[in-house]
$ cat upload-v2.pdb   # PDB, C-alpha atoms, pLDDT in the B column
ATOM      1  CA  MET P   1     240.392   1.197-133.095  1.00 68.00           C
ATOM      2  CA  GLU P   2     241.226  -1.010-130.119  1.00 92.00           C
ATOM      3  CA  LEU P   3     242.763  -4.325-131.117  1.00 94.00           C
ATOM      4  CA  ASN P   4     240.206  -6.471-129.273  1.00 96.00           C
ATOM      5  CA  ARG P   5     237.315  -4.805-131.099  1.00 97.00           C
ATOM      6  CA  LYS P   6     239.088  -4.958-134.468  1.00 97.00           C
ATOM      7  CA  ILE P   7     239.667  -8.707-134.138  1.00 98.00           C
ATOM      8  CA  ALA P   8     236.086  -9.235-132.932  1.00 97.00           C
ATOM      9  CA  GLU P   9     234.819  -7.437-136.037  1.00 97.00           C
ATOM     10  CA  ASP P  10     237.159  -9.517-138.209  1.00 97.00           C
ATOM     11  CA  LEU P  11     235.927 -12.810-136.768  1.00 97.00           C
ATOM     12  CA  LEU P  12     232.307 -11.800-137.216  1.00 96.00           C
ATOM     13  CA  LYS P  13     232.929 -10.533-140.750  1.00 96.00           C
ATOM     14  CA  ILE P  14     234.230 -13.904-141.938  1.00 97.00           C
ATOM     15  CA  ARG P  15     231.564 -15.725-139.893  1.00 95.00           C
ATOM     16  CA  ALA P  16     234.116 -17.523-137.753  1.00 96.00           C
ATOM     17  CA  VAL P  17     231.785 -17.107-134.766  1.00 94.00           C
ATOM     18  CA  PHE P  18     228.549 -19.057-134.693  1.00 91.00           C
ATOM     19  CA  PHE P  19     225.719 -18.187-132.281  1.00 89.00           C
ATOM     20  CA  ARG P  20     223.157 -20.932-131.718  1.00 86.00           C
ATOM     21  CA  PRO P  21     221.481 -20.625-128.292  1.00 81.00           C
ATOM     22  CA  GLU P  22     218.411 -22.559-129.461  1.00 81.00           C
ATOM     23  CA  GLU P  23     220.523 -25.554-130.571  1.00 86.00           C
ATOM     24  CA  PRO P  24     223.738 -25.530-128.531  1.00 89.00           C
ATOM     25  CA  PHE P  25     227.082 -26.821-129.690  1.00 92.00           C
ATOM     26  CA  ILE P  26     228.564 -29.596-127.551  1.00 90.00           C
ATOM     27  CA  TRP P  27     232.283 -29.337-126.795  1.00 85.00           C
ATOM     28  CA  ALA P  28     234.588 -32.302-126.289  1.00 78.00           C
ATOM     29  CA  SER P  29     234.340 -31.624-122.551  1.00 78.00           C
ATOM     30  CA  GLY P  30     230.563 -32.142-122.737  1.00 85.00           C
ATOM     31  CA  ILE P  31     229.778 -28.473-122.092  1.00 88.00           C
ATOM     32  CA  LYS P  32     226.824 -27.134-124.050  1.00 90.00           C
ATOM     33  CA  SER P  33     227.641 -23.775-125.600  1.00 91.00           C
ATOM     34  CA  PRO P  34     225.588 -21.163-127.485  1.00 89.00           C
ATOM     35  CA  VAL P  35     228.767 -20.068-129.251  1.00 90.00           C
ATOM     36  CA  TYR P  36     231.345 -21.773-131.412  1.00 91.00           C
ATOM     37  CA  CYS P  37     234.443 -19.941-132.617  1.00 93.00           C
ATOM     38  CA  ASP P  38     236.241 -21.465-135.613  1.00 94.00           C
ATOM     39  CA  ASN P  39     239.518 -19.558-135.785  1.00 94.00           C
ATOM     40  CA  ARG P  40     240.786 -21.837-138.564  1.00 94.00           C
ATOM     41  CA  LEU P  41     238.727 -19.669-140.904  1.00 96.00           C
ATOM     42  CA  THR P  42     241.123 -16.784-140.238  1.00 97.00           C
ATOM     43  CA  LEU P  43     243.737 -18.630-142.297  1.00 97.00           C
ATOM     44  CA  THR P  44     241.552 -18.562-145.401  1.00 97.00           C
ATOM     45  CA  SER P  45     241.014 -14.793-145.288  1.00 97.00           C
ATOM     46  CA  PRO P  46     244.281 -12.964-146.090  1.00 97.00           C
ATOM     47  CA  GLU P  47     243.093  -9.638-144.659  1.00 97.00           C
ATOM     48  CA  VAL P  48     241.892 -11.111-141.374  1.00 98.00           C
ATOM     49  CA  ARG P  49     244.893 -13.442-141.200  1.00 98.00           C
ATOM     50  CA  ASN P  50     247.156 -10.406-141.474  1.00 98.00           C
ATOM     51  CA  ASP P  51     245.333  -8.661-138.604  1.00 98.00           C
ATOM     52  CA  VAL P  52     245.460 -11.783-136.426  1.00 98.00           C
ATOM     53  CA  GLU P  53     249.109 -12.681-136.961  1.00 98.00           C
ATOM     54  CA  ASN P  54     250.358  -9.109-136.588  1.00 98.00           C
ATOM     55  CA  GLY P  55     248.151  -8.791-133.515  1.00 98.00           C
ATOM     56  CA  LEU P  56     249.637 -11.926-131.961  1.00 98.00           C
ATOM     57  CA  ALA P  57     253.133 -10.626-132.717  1.00 98.00           C
ATOM     58  CA  GLU P  58     252.168  -7.368-131.025  1.00 98.00           C
ATOM     59  CA  LEU P  59     251.067  -9.287-127.909  1.00 98.00           C
ATOM     60  CA  VAL P  60     254.338 -11.223-127.785  1.00 98.00           C
ATOM     61  CA  ARG P  61     256.371  -8.018-128.102  1.00 98.00           C
ATOM     62  CA  ALA P  62     254.288  -6.243-125.456  1.00 98.00           C
ATOM     63  CA  TYR P  63     254.055  -8.970-122.811  1.00 98.00           C
ATOM     64  CA  TYR P  64     256.936 -11.332-123.541  1.00 98.00           C
ATOM     65  CA  PRO P  65     259.741  -9.262-125.073  1.00 98.00           C
ATOM     66  CA  GLN P  66     262.348 -11.835-123.970  1.00 98.00           C
ATOM     67  CA  ALA P  67     260.732 -14.621-126.018  1.00 98.00           C
ATOM     68  CA  GLU P  68     263.263 -16.866-127.755  1.00 98.00           C
ATOM     69  CA  VAL P  69     260.970 -19.462-129.309  1.00 98.00           C
ATOM     70  CA  LEU P  70     257.261 -19.876-130.077  1.00 98.00           C
ATOM     71  CA  MET P  71     255.470 -23.185-129.544  1.00 98.00           C
ATOM     72  CA  GLY P  72     252.088 -23.805-131.159  1.00 97.00           C
ATOM     73  CA  THR P  73     249.416 -26.077-129.759  1.00 96.00           C
ATOM     74  CA  SER P  74     248.454 -29.041-131.918  1.00 91.00           C
ATOM     75  CA  THR P  75     246.826 -28.611-134.264  1.00 90.00           C
ATOM     76  CA  ALA P  76     245.070 -25.257-134.274  1.00 92.00           C
ATOM     77  CA  GLY P  77     247.994 -23.194-132.978  1.00 96.00           C
ATOM     78  CA  ILE P  78     250.633 -24.545-135.365  1.00 97.00           C
ATOM     79  CA  ALA P  79     249.957 -22.282-138.354  1.00 97.00           C
ATOM     80  CA  HIS P  80     249.671 -19.197-136.153  1.00 98.00           C
ATOM     81  CA  ALA P  81     252.943 -19.968-134.360  1.00 98.00           C
ATOM     82  CA  ALA P  82     254.661 -20.430-137.714  1.00 98.00           C
ATOM     83  CA  ILE P  83     253.391 -17.168-139.192  1.00 98.00           C
ATOM     84  CA  VAL P  84     254.067 -15.130-136.045  1.00 98.00           C
ATOM     85  CA  GLY P  85     257.516 -16.701-135.816  1.00 98.00           C
ATOM     86  CA  HIS P  86     258.158 -15.609-139.403  1.00 98.00           C
ATOM     87  CA  ILE P  87     256.988 -12.054-138.663  1.00 98.00           C
ATOM     88  CA  MET P  88     259.173 -11.819-135.560  1.00 98.00           C
ATOM     89  CA  GLY P  89     262.170 -13.736-136.867  1.00 98.00           C
ATOM     90  CA  LEU P  90     261.816 -16.318-134.078  1.00 98.00           C
ATOM     91  CA  PRO P  91     262.127 -20.108-134.229  1.00 98.00           C
ATOM     92  CA  MET P  92     258.953 -22.113-133.715  1.00 97.00           C
ATOM     93  CA  GLY P  93     257.810 -25.620-133.041  1.00 97.00           C
ATOM     94  CA  TYR P  94     254.717 -27.292-131.720  1.00 97.00           C
ATOM     95  CA  VAL P  95     253.545 -29.708-129.069  1.00 96.00           C
ATOM     96  CA  ARG P  96     251.607 -32.818-129.997  1.00 90.00           C
ATOM     97  CA  SER P  97     248.649 -33.988-127.925  1.00 79.00           C
ATOM     98  CA  GLY P  98     250.672 -37.143-127.271  1.00 64.00           C
ATOM     99  CA  SER P  99     254.019 -38.675-128.204  1.00 56.00           C
ATOM    100  CA  LYS P 100     254.391 -40.220-131.657  1.00 47.00           C
ATOM    101  CA  ASP P 101     254.348 -44.011-131.753  1.00 47.00           C
ATOM    102  CA  HIS P 102     257.083 -44.115-134.389  1.00 45.00           C
ATOM    103  CA  GLY P 103     260.390 -42.479-135.327  1.00 42.00           C
ATOM    104  CA  ARG P 104     261.878 -40.498-132.448  1.00 49.00           C
ATOM    105  CA  GLN P 105     258.558 -40.606-130.560  1.00 54.00           C
ATOM    106  CA  ASN P 106     258.619 -36.857-130.099  1.00 75.00           C
ATOM    107  CA  GLN P 107     255.858 -34.929-128.395  1.00 89.00           C
ATOM    108  CA  ILE P 108     257.638 -31.626-128.939  1.00 93.00           C
ATOM    109  CA  GLU P 109     258.398 -31.004-132.606  1.00 93.00           C
ATOM    110  CA  GLY P 110     261.168 -28.545-133.371  1.00 94.00           C
ATOM    111  CA  LYS P 111     264.346 -27.638-131.522  1.00 93.00           C
ATOM    112  CA  LEU P 112     263.884 -26.625-127.894  1.00 95.00           C
ATOM    113  CA  GLU P 113     266.847 -26.016-125.614  1.00 94.00           C
ATOM    114  CA  PRO P 114     266.587 -26.342-121.803  1.00 94.00           C
ATOM    115  CA  GLY P 115     266.039 -22.921-120.250  1.00 97.00           C
ATOM    116  CA  GLN P 116     264.811 -21.394-123.497  1.00 97.00           C
ATOM    117  CA  LYS P 117     262.250 -18.629-122.965  1.00 98.00           C
ATOM    118  CA  THR P 118     259.106 -19.911-124.654  1.00 98.00           C
ATOM    119  CA  VAL P 119     255.695 -18.473-125.550  1.00 98.00           C
ATOM    120  CA  VAL P 120     252.788 -20.796-126.323  1.00 98.00           C
ATOM    121  CA  VAL P 121     250.567 -19.820-129.264  1.00 98.00           C
ATOM    122  CA  GLU P 122     246.960 -21.042-129.011  1.00 97.00           C
ATOM    123  CA  ASP P 123     243.873 -20.324-131.098  1.00 96.00           C
ATOM    124  CA  LEU P 124     241.286 -20.187-128.313  1.00 94.00           C
ATOM    125  CA  ILE P 125     240.962 -20.882-124.608  1.00 95.00           C
ATOM    126  CA  SER P 126     237.809 -22.130-122.899  1.00 91.00           C
ATOM    127  CA  THR P 127     238.374 -24.252-119.775  1.00 90.00           C
ATOM    128  CA  GLY P 128     242.149 -24.067-120.223  1.00 92.00           C
ATOM    129  CA  GLY P 129     242.859 -27.774-119.877  1.00 91.00           C
ATOM    130  CA  SER P 130     244.542 -28.456-123.218  1.00 92.00           C
ATOM    131  CA  VAL P 131     246.811 -25.412-123.237  1.00 95.00           C
ATOM    132  CA  ILE P 132     247.975 -26.114-119.682  1.00 95.00           C
ATOM    133  CA  GLU P 133     248.910 -29.639-120.759  1.00 94.00           C
ATOM    134  CA  VAL P 134     251.124 -28.045-123.422  1.00 95.00           C
ATOM    135  CA  VAL P 135     252.685 -25.728-120.835  1.00 96.00           C
ATOM    136  CA  ASN P 136     253.421 -28.702-118.580  1.00 95.00           C
ATOM    137  CA  VAL P 137     255.048 -30.696-121.413  1.00 94.00           C
ATOM    138  CA  LEU P 138     257.297 -27.729-122.233  1.00 96.00           C
ATOM    139  CA  ARG P 139     258.237 -27.209-118.592  1.00 96.00           C
ATOM    140  CA  GLU P 140     259.079 -30.892-118.205  1.00 94.00           C
ATOM    141  CA  ALA P 141     261.390 -30.511-121.209  1.00 94.00           C
ATOM    142  CA  GLY P 142     263.189 -27.694-119.390  1.00 96.00           C
ATOM    143  CA  ALA P 143     261.666 -24.691-121.160  1.00 97.00           C
ATOM    144  CA  GLU P 144     260.975 -21.468-119.295  1.00 98.00           C
ATOM    145  CA  VAL P 145     257.373 -20.789-120.326  1.00 98.00           C
ATOM    146  CA  LEU P 146     256.826 -17.033-120.246  1.00 98.00           C
ATOM    147  CA  GLY P 147     253.127 -17.293-121.027  1.00 98.00           C
ATOM    148  CA  ILE P 148     250.464 -17.770-123.676  1.00 98.00           C
ATOM    149  CA  VAL P 149     249.078 -15.667-126.520  1.00 98.00           C
ATOM    150  CA  SER P 150     245.789 -16.614-128.154  1.00 98.00           C
ATOM    151  CA  ILE P 151     243.259 -15.294-130.612  1.00 98.00           C
ATOM    152  CA  PHE P 152     240.172 -15.676-128.443  1.00 96.00           C
ATOM    153  CA  THR P 153     239.254 -16.512-124.863  1.00 96.00           C
ATOM    154  CA  TYR P 154     235.892 -17.259-123.316  1.00 94.00           C
ATOM    155  CA  GLY P 155     237.067 -15.892-119.968  1.00 93.00           C
ATOM    156  CA  MET P 156     235.441 -18.762-118.078  1.00 92.00           C
ATOM    157  CA  LYS P 157     236.071 -18.931-114.353  1.00 91.00           C
ATOM    158  CA  LYS P 158     237.318 -22.512-114.625  1.00 90.00           C
ATOM    159  CA  GLY P 159     239.832 -21.532-117.291  1.00 93.00           C
ATOM    160  CA  LEU P 160     241.042 -18.497-115.365  1.00 94.00           C
ATOM    161  CA  GLN P 161     241.394 -20.585-112.216  1.00 94.00           C
ATOM    162  CA  ARG P 162     243.371 -23.308-114.009  1.00 95.00           C
ATOM    163  CA  LEU P 163     245.740 -20.763-115.548  1.00 96.00           C
ATOM    164  CA  SER P 164     246.275 -19.161-112.151  1.00 96.00           C
ATOM    165  CA  GLU P 165     246.945 -22.520-110.477  1.00 96.00           C
ATOM    166  CA  ALA P 166     249.430 -23.399-113.230  1.00 95.00           C
ATOM    167  CA  GLY P 167     251.200 -20.081-112.708  1.00 97.00           C
ATOM    168  CA  VAL P 168     250.863 -19.020-116.328  1.00 97.00           C
ATOM    169  CA  GLU P 169     249.235 -15.973-117.903  1.00 97.00           C
ATOM    170  CA  ASN P 170     247.356 -15.658-121.177  1.00 97.00           C
ATOM    171  CA  HIS P 171     246.839 -12.617-123.370  1.00 97.00           C
ATOM    172  CA  SER P 172     244.174 -12.820-126.062  1.00 97.00           C
ATOM    173  CA  LEU P 173     243.437 -10.639-129.057  1.00 98.00           C
ATOM    174  CA  THR P 174     239.743 -10.580-128.198  1.00 97.00           C
ATOM    175  CA  ASP P 175     237.320 -12.177-125.779  1.00 96.00           C
ATOM    176  CA  PHE P 176     233.796 -13.463-125.362  1.00 94.00           C
ATOM    177  CA  ASP P 177     232.380 -10.230-123.919  1.00 93.00           C
ATOM    178  CA  CYS P 178     233.811  -8.091-126.703  1.00 95.00           C
ATOM    179  CA  ILE P 179     232.537 -10.374-129.461  1.00 95.00           C
ATOM    180  CA  ALA P 180     229.065 -10.531-127.898  1.00 94.00           C
ATOM    181  CA  GLN P 181     228.913  -6.730-127.662  1.00 94.00           C
ATOM    182  CA  VAL P 182     230.126  -6.139-131.213  1.00 95.00           C
ATOM    183  CA  ALA P 183     227.762  -8.829-132.518  1.00 94.00           C
ATOM    184  CA  ALA P 184     224.807  -7.026-130.923  1.00 94.00           C
ATOM    185  CA  GLU P 185     225.909  -3.611-132.192  1.00 94.00           C
ATOM    186  CA  THR P 186     226.247  -4.877-135.748  1.00 91.00           C
ATOM    187  CA  GLY P 187     222.970  -6.811-135.780  1.00 91.00           C
ATOM    188  CA  TYR P 188     224.663 -10.203-135.838  1.00 90.00           C
ATOM    189  CA  ILE P 189     222.614 -11.127-132.765  1.00 90.00           C
ATOM    190  CA  LYS P 190     219.810  -9.434-130.825  1.00 88.00           C
ATOM    191  CA  ASN P 191     220.625  -7.125-127.928  1.00 88.00           C
ATOM    192  CA  GLU P 192     218.673  -9.352-125.551  1.00 84.00           C
ATOM    193  CA  ASP P 193     220.895 -12.295-126.481  1.00 86.00           C
ATOM    194  CA  VAL P 194     223.978 -10.663-124.955  1.00 89.00           C
ATOM    195  CA  GLN P 195     222.839 -11.349-121.397  1.00 87.00           C
ATOM    196  CA  ARG P 196     222.099 -14.972-122.282  1.00 85.00           C
ATOM    197  CA  LEU P 197     225.608 -15.352-123.650  1.00 89.00           C
ATOM    198  CA  ILE P 198     227.168 -13.747-120.579  1.00 89.00           C
ATOM    199  CA  ALA P 199     225.077 -16.022-118.342  1.00 88.00           C
ATOM    200  CA  PHE P 200     226.560 -19.016-120.144  1.00 90.00           C
ATOM    201  CA  ARG P 201     230.098 -17.663-119.773  1.00 90.00           C
ATOM    202  CA  ASN P 202     229.593 -17.034-116.060  1.00 90.00           C
ATOM    203  CA  ASP P 203     228.138 -20.480-115.325  1.00 89.00           C
ATOM    204  CA  PRO P 204     228.153 -23.055-118.165  1.00 88.00           C
ATOM    205  CA  SER P 205     226.462 -25.626-115.893  1.00 85.00           C
ATOM    206  CA  ASP P 206     223.323 -23.431-115.669  1.00 82.00           C
ATOM    207  CA  GLU P 207     221.561 -24.175-118.943  1.00 81.00           C
ATOM    208  CA  SER P 208     218.636 -21.787-118.421  1.00 82.00           C
ATOM    209  CA  TRP P 209     219.827 -19.758-121.424  1.00 78.00           C
ATOM    210  CA  ILE P 210     218.988 -22.614-123.807  1.00 78.00           C
ATOM    211  CA  GLY P 211     215.871 -22.128-125.912  1.00 67.00           C
ATOM    212  CA  ASP P 212     214.389 -20.275-128.839  1.00 55.00           C
ATOM    213  CA  THR P 213     215.276 -16.593-128.988  1.00 46.00           C
ATOM    214  CA  GLU P 214     211.913 -15.654-130.487  1.00 45.00           C
TER     215      GLU P 214
END
$ encode --input "upload-v2.pdb" --output "C-alpha cells"
Amino acid sequence: MELNRKIAEDLLKIRAVFFRPEEPFIWASGIKSPVYCDNRLTLTSPEVRNDVENGLAELVRAYYPQAEVLMGTSTAGIAHAAIVGHIMGLPMGYVRSGSKDHGRQNQIEGKLEPGQKTVVVEDLISTGGSVIEVVNVLREAGAEVLGIVSIFTYGMKKGLQRLSEAGVENHSLTDFDCIAQVAAETGYIKNEDVQRLIAFRNDPSDESWIGDTE
C-alpha cells in the first residue's frame, strides 16, 4: 500500500481528522475550515505512531540523506522530531515560537552548529507561515536547512507559494486530497462532500461550501 494512503487510513481510523462543513472550525489565521486534523492523537496510538514515525524517517532518508540534525517545530513537531531522531540515530532539537524571557533566552533548544545540515519536522502545514518562521530562525543561526518533513499538508496555494518564495521544500506523509478520497471510500464522509472539501482547499476565501450536507 502506498504510504500516503496508509497514513490517511491511520489518521481516519483514530479519528484524528474531523469533518464539519456545516459548522466550520476557525483557525488562528481566521480561516474557516471544514476539516481539522489533530495529529497529536497519533502519539496516543502505538500502532499509528509507529507508522508515522517510521514514515517520517523514510522521507528524511529519501529526500534528505545528508541530514545531520532534526529540528521540531514548537510544540507539535517536538515529539515527532525526537522519535524520528531516535529511529535514525540523529541529534534533535526544537525551535520555540519566540525566545525565552529567562535563562539563556534561547529560541533554538538543543545543540546546533553553524553549517549543520538540518531538516525541520512539522506535524501539519496549511498556509505555511509558522514553519517558514522556524526555517528562517534556523537559517539566521547558520544552519543549512535542507527542507521539511511533515505528517499532513493541506496543499493550499498560499502555503505552496510561501514555501517556494522561501526556497524550501516540504514532503508530507499524506495530504488533503488523499484523506478526502479515502474518507469517502470508507464511508467516513459522503462522496458529494469531496468536491466541497476540494473547493475549500483551492480557495479558502470562497465560503460557498459552508452549510448542511443533508
$ atom_distance --input "upload-v2.pdb" --atom1 "atom CA of P:Glu169" --atom2 "atom CA of P:Glu140"
17.9 Å
$ atom_distance --input "upload-v2.pdb" --atom1 "atom CA of P:Glu207" --atom2 "atom CA of P:Ser33"
9.0 Å
$ resolve_selection --input "upload-v2.pdb" --expression "the PyMOL selection byres ((chain P and resi 80) around 12)" --output "PyMOL selection string"
chain P and resi 39-43+49-57+70-79+81-87+92-94+120-124+149-151
$ atom_distance --input "upload-v2.pdb" --atom1 "atom CA of P:Arg20" --atom2 "atom CA of P:Leu3"
25.7 Å
$ closest_residue --input "upload-v2.pdb" --among "P:Ile7, P:Ile14, P:Ile125, P:Ile132" --to "P:Ser164" --atoms "only C-alpha atoms"
P:Ile132
$ resolve_selection --input "upload-v2.pdb" --expression "the PyMOL selection byres ((chain P and resi 175) around 10)" --output "compact mmCIF listing (two decimals) with C-alpha atoms, in the frame of the given file"
# COMPACT_ATOMS: atom_id res chain seq x y z
CA ASN P 4 240.21 -6.47 -129.27
CA ARG P 5 237.32 -4.80 -131.10
CA ILE P 7 239.67 -8.71 -134.14
CA ALA P 8 236.09 -9.24 -132.93
CA LEU P 124 241.29 -20.19 -128.31
CA ILE P 125 240.96 -20.88 -124.61
CA SER P 150 245.79 -16.61 -128.15
CA ILE P 151 243.26 -15.29 -130.61
CA PHE P 152 240.17 -15.68 -128.44
CA THR P 153 239.25 -16.51 -124.86
CA TYR P 154 235.89 -17.26 -123.32
CA GLY P 155 237.07 -15.89 -119.97
CA HIS P 171 246.84 -12.62 -123.37
CA SER P 172 244.17 -12.82 -126.06
CA LEU P 173 243.44 -10.64 -129.06
CA THR P 174 239.74 -10.58 -128.20
CA PHE P 176 233.80 -13.46 -125.36
CA ASP P 177 232.38 -10.23 -123.92
CA CYS P 178 233.81 -8.09 -126.70
CA ILE P 179 232.54 -10.37 -129.46
CA ALA P 180 229.06 -10.53 -127.90
$ closest_residue --input "upload-v2.pdb" --among "P:Val35, P:Leu59, P:Val131, P:Ala199" --to "P:Pro21" --atoms "only C-alpha atoms"
P:Val35
$ closest_residue --input "upload-v2.pdb" --among "P:Gly89, P:Gly167, P:Gly159, P:Pro46" --to "P:Asp203" --atoms "all atoms listed in the file"
P:Gly159
$ resolve_selection --input "upload-v2.pdb" --expression "the PyMOL selection byres ((chain P and resi 66) around 10)" --output "list of chain:residue names"
P:Val60, P:Arg61, P:Ala62, P:Tyr63, P:Tyr64, P:Pro65, P:Ala67, P:Glu68, P:Val69, P:Gln116, P:Lys117, P:Thr118, P:Val119, P:Leu146
$ closest_residue --input "upload-v2.pdb" --among "P:Pro114, P:Arg96, P:Ser126, P:Ser29" --to "P:Lys158" --atoms "only C-alpha atoms"
P:Ser126
$ axis_aligned_box --input "upload-v2.pdb" --around "stretch 76-80 of chain P" --padding-each-side "4 Å" --output "AutoDock Vina command-line options"
--center_x 247.9 --center_y -22.2 --center_z -135.7 --size_x 13.6 --size_y 14.1 --size_z 13.4
$ residues_around --input "upload-v2.pdb" --residues "P:Leu138" --least-positions-apart "6" --cutoff "9 Å" --atoms "all atoms listed in the file" --output "MDAnalysis selection string"
chainID P and resid 71 95 108 112 118 144:145
$ write_last_selection --input "upload-v2.pdb" --atoms "C-alpha atoms" --output "compact mmCIF listing (two decimals), keeping the file's coordinate frame"
# COMPACT_ATOMS: atom_id res chain seq x y z
CA MET P 71 255.47 -23.18 -129.54
CA VAL P 95 253.54 -29.71 -129.07
CA ILE P 108 257.64 -31.63 -128.94
CA LEU P 112 263.88 -26.62 -127.89
CA THR P 118 259.11 -19.91 -124.65
CA GLU P 144 260.98 -21.47 -119.30
CA VAL P 145 257.37 -20.79 -120.33
$ closest_residue --input "upload-v2.pdb" --among "P:Pro91, P:Pro34, P:Gly142, P:Gly129" --to "P:Glu22" --atoms "all atoms listed in the file"
P:Pro34
$ decode --input "upload-v2.pdb" --residues "stretch 152-213 of chain P" --atoms "C-alpha atoms" --output "mmCIF file, in the first residue's frame"
data_model
loop_
_atom_site.group_PDB
_atom_site.id
_atom_site.type_symbol
_atom_site.label_atom_id
_atom_site.label_comp_id
_atom_site.auth_asym_id
_atom_site.auth_seq_id
_atom_site.Cartn_x
_atom_site.Cartn_y
_atom_site.Cartn_z
ATOM 1 C CA PHE P 152 -0.037 16.177 6.684
ATOM 2 C CA THR P 153 -0.384 19.084 4.279
ATOM 3 C CA TYR P 154 -3.470 20.864 3.029
ATOM 4 C CA GLY P 155 -1.716 21.735 -0.230
ATOM 5 C CA MET P 156 -3.107 25.272 -0.185
ATOM 6 C CA LYS P 157 -1.881 27.627 -2.879
ATOM 7 C CA LYS P 158 -0.821 30.198 -0.288
ATOM 8 C CA GLY P 159 1.255 27.616 1.561
ATOM 9 C CA LEU P 160 2.868 26.301 -1.610
ATOM 10 C CA GLN P 161 3.660 29.842 -2.724
ATOM 11 C CA ARG P 162 5.221 30.757 0.632
ATOM 12 C CA LEU P 163 7.392 27.636 0.626
ATOM 13 C CA SER P 164 8.531 28.398 -2.911
ATOM 14 C CA GLU P 165 9.351 32.021 -2.053
ATOM 15 C CA ALA P 166 11.319 30.857 0.996
ATOM 16 C CA GLY P 167 13.264 28.423 -1.173
ATOM 17 C CA VAL P 168 12.375 25.407 0.936
ATOM 18 C CA GLU P 169 10.616 22.160 0.049
ATOM 19 C CA ASN P 170 8.238 20.056 2.114
ATOM 20 C CA HIS P 171 7.474 16.358 1.878
ATOM 21 C CA SER P 172 4.398 15.076 3.690
ATOM 22 C CA LEU P 173 3.256 11.584 4.569
ATOM 23 C CA THR P 174 -0.243 12.332 3.310
ATOM 24 C CA ASP P 175 -2.291 15.244 2.045
ATOM 25 C CA PHE P 176 -5.741 16.773 1.978
ATOM 26 C CA ASP P 177 -6.788 15.202 -1.335
ATOM 27 C CA CYS P 178 -5.760 11.712 -0.268
ATOM 28 C CA ILE P 179 -7.548 11.931 3.079
ATOM 29 C CA ALA P 180 -10.719 13.261 1.439
ATOM 30 C CA GLN P 181 -10.699 10.413 -1.094
ATOM 31 C CA VAL P 182 -10.065 7.696 1.484
ATOM 32 C CA ALA P 183 -12.703 9.201 3.788
ATOM 33 C CA ALA P 184 -15.293 8.965 1.001
ATOM 34 C CA GLU P 185 -14.297 5.413 0.062
ATOM 35 C CA THR P 186 -14.590 4.224 3.647
ATOM 36 C CA GLY P 187 -17.892 5.974 4.363
ATOM 37 C CA TYR P 188 -16.350 8.494 6.740
ATOM 38 C CA ILE P 189 -17.898 11.245 4.611
ATOM 39 C CA LYS P 190 -20.286 11.294 1.646
ATOM 40 C CA ASN P 191 -18.927 11.174 -1.893
ATOM 41 C CA GLU P 192 -20.539 14.524 -2.669
ATOM 42 C CA ASP P 193 -18.602 16.119 0.188
ATOM 43 C CA VAL P 194 -15.257 15.532 -1.531
ATOM 44 C CA GLN P 195 -15.820 18.323 -4.044
ATOM 45 C CA ARG P 196 -16.820 20.701 -1.250
ATOM 46 C CA LEU P 197 -13.598 19.910 0.573
ATOM 47 C CA ILE P 198 -11.500 20.396 -2.559
ATOM 48 C CA ALA P 199 -13.273 23.709 -3.218
ATOM 49 C CA PHE P 200 -12.211 24.869 0.237
ATOM 50 C CA ARG P 201 -8.615 23.766 -0.346
ATOM 51 C CA ASN P 202 -8.482 25.566 -3.690
ATOM 52 C CA ASP P 203 -9.915 28.843 -2.370
ATOM 53 C CA PRO P 204 -10.455 29.147 1.413
ATOM 54 C CA SER P 205 -11.838 32.686 0.968
ATOM 55 C CA ASP P 206 -14.821 31.319 -1.021
ATOM 56 C CA GLU P 207 -17.120 30.043 1.710
ATOM 57 C CA SER P 208 -19.835 28.690 -0.597
ATOM 58 C CA TRP P 209 -19.084 25.171 0.670
ATOM 59 C CA ILE P 210 -20.401 26.039 4.143
ATOM 60 C CA GLY P 211 -23.802 24.603 5.010
ATOM 61 C CA ASP P 212 -25.678 21.467 5.924
ATOM 62 C CA THR P 213 -24.702 18.402 3.920
#
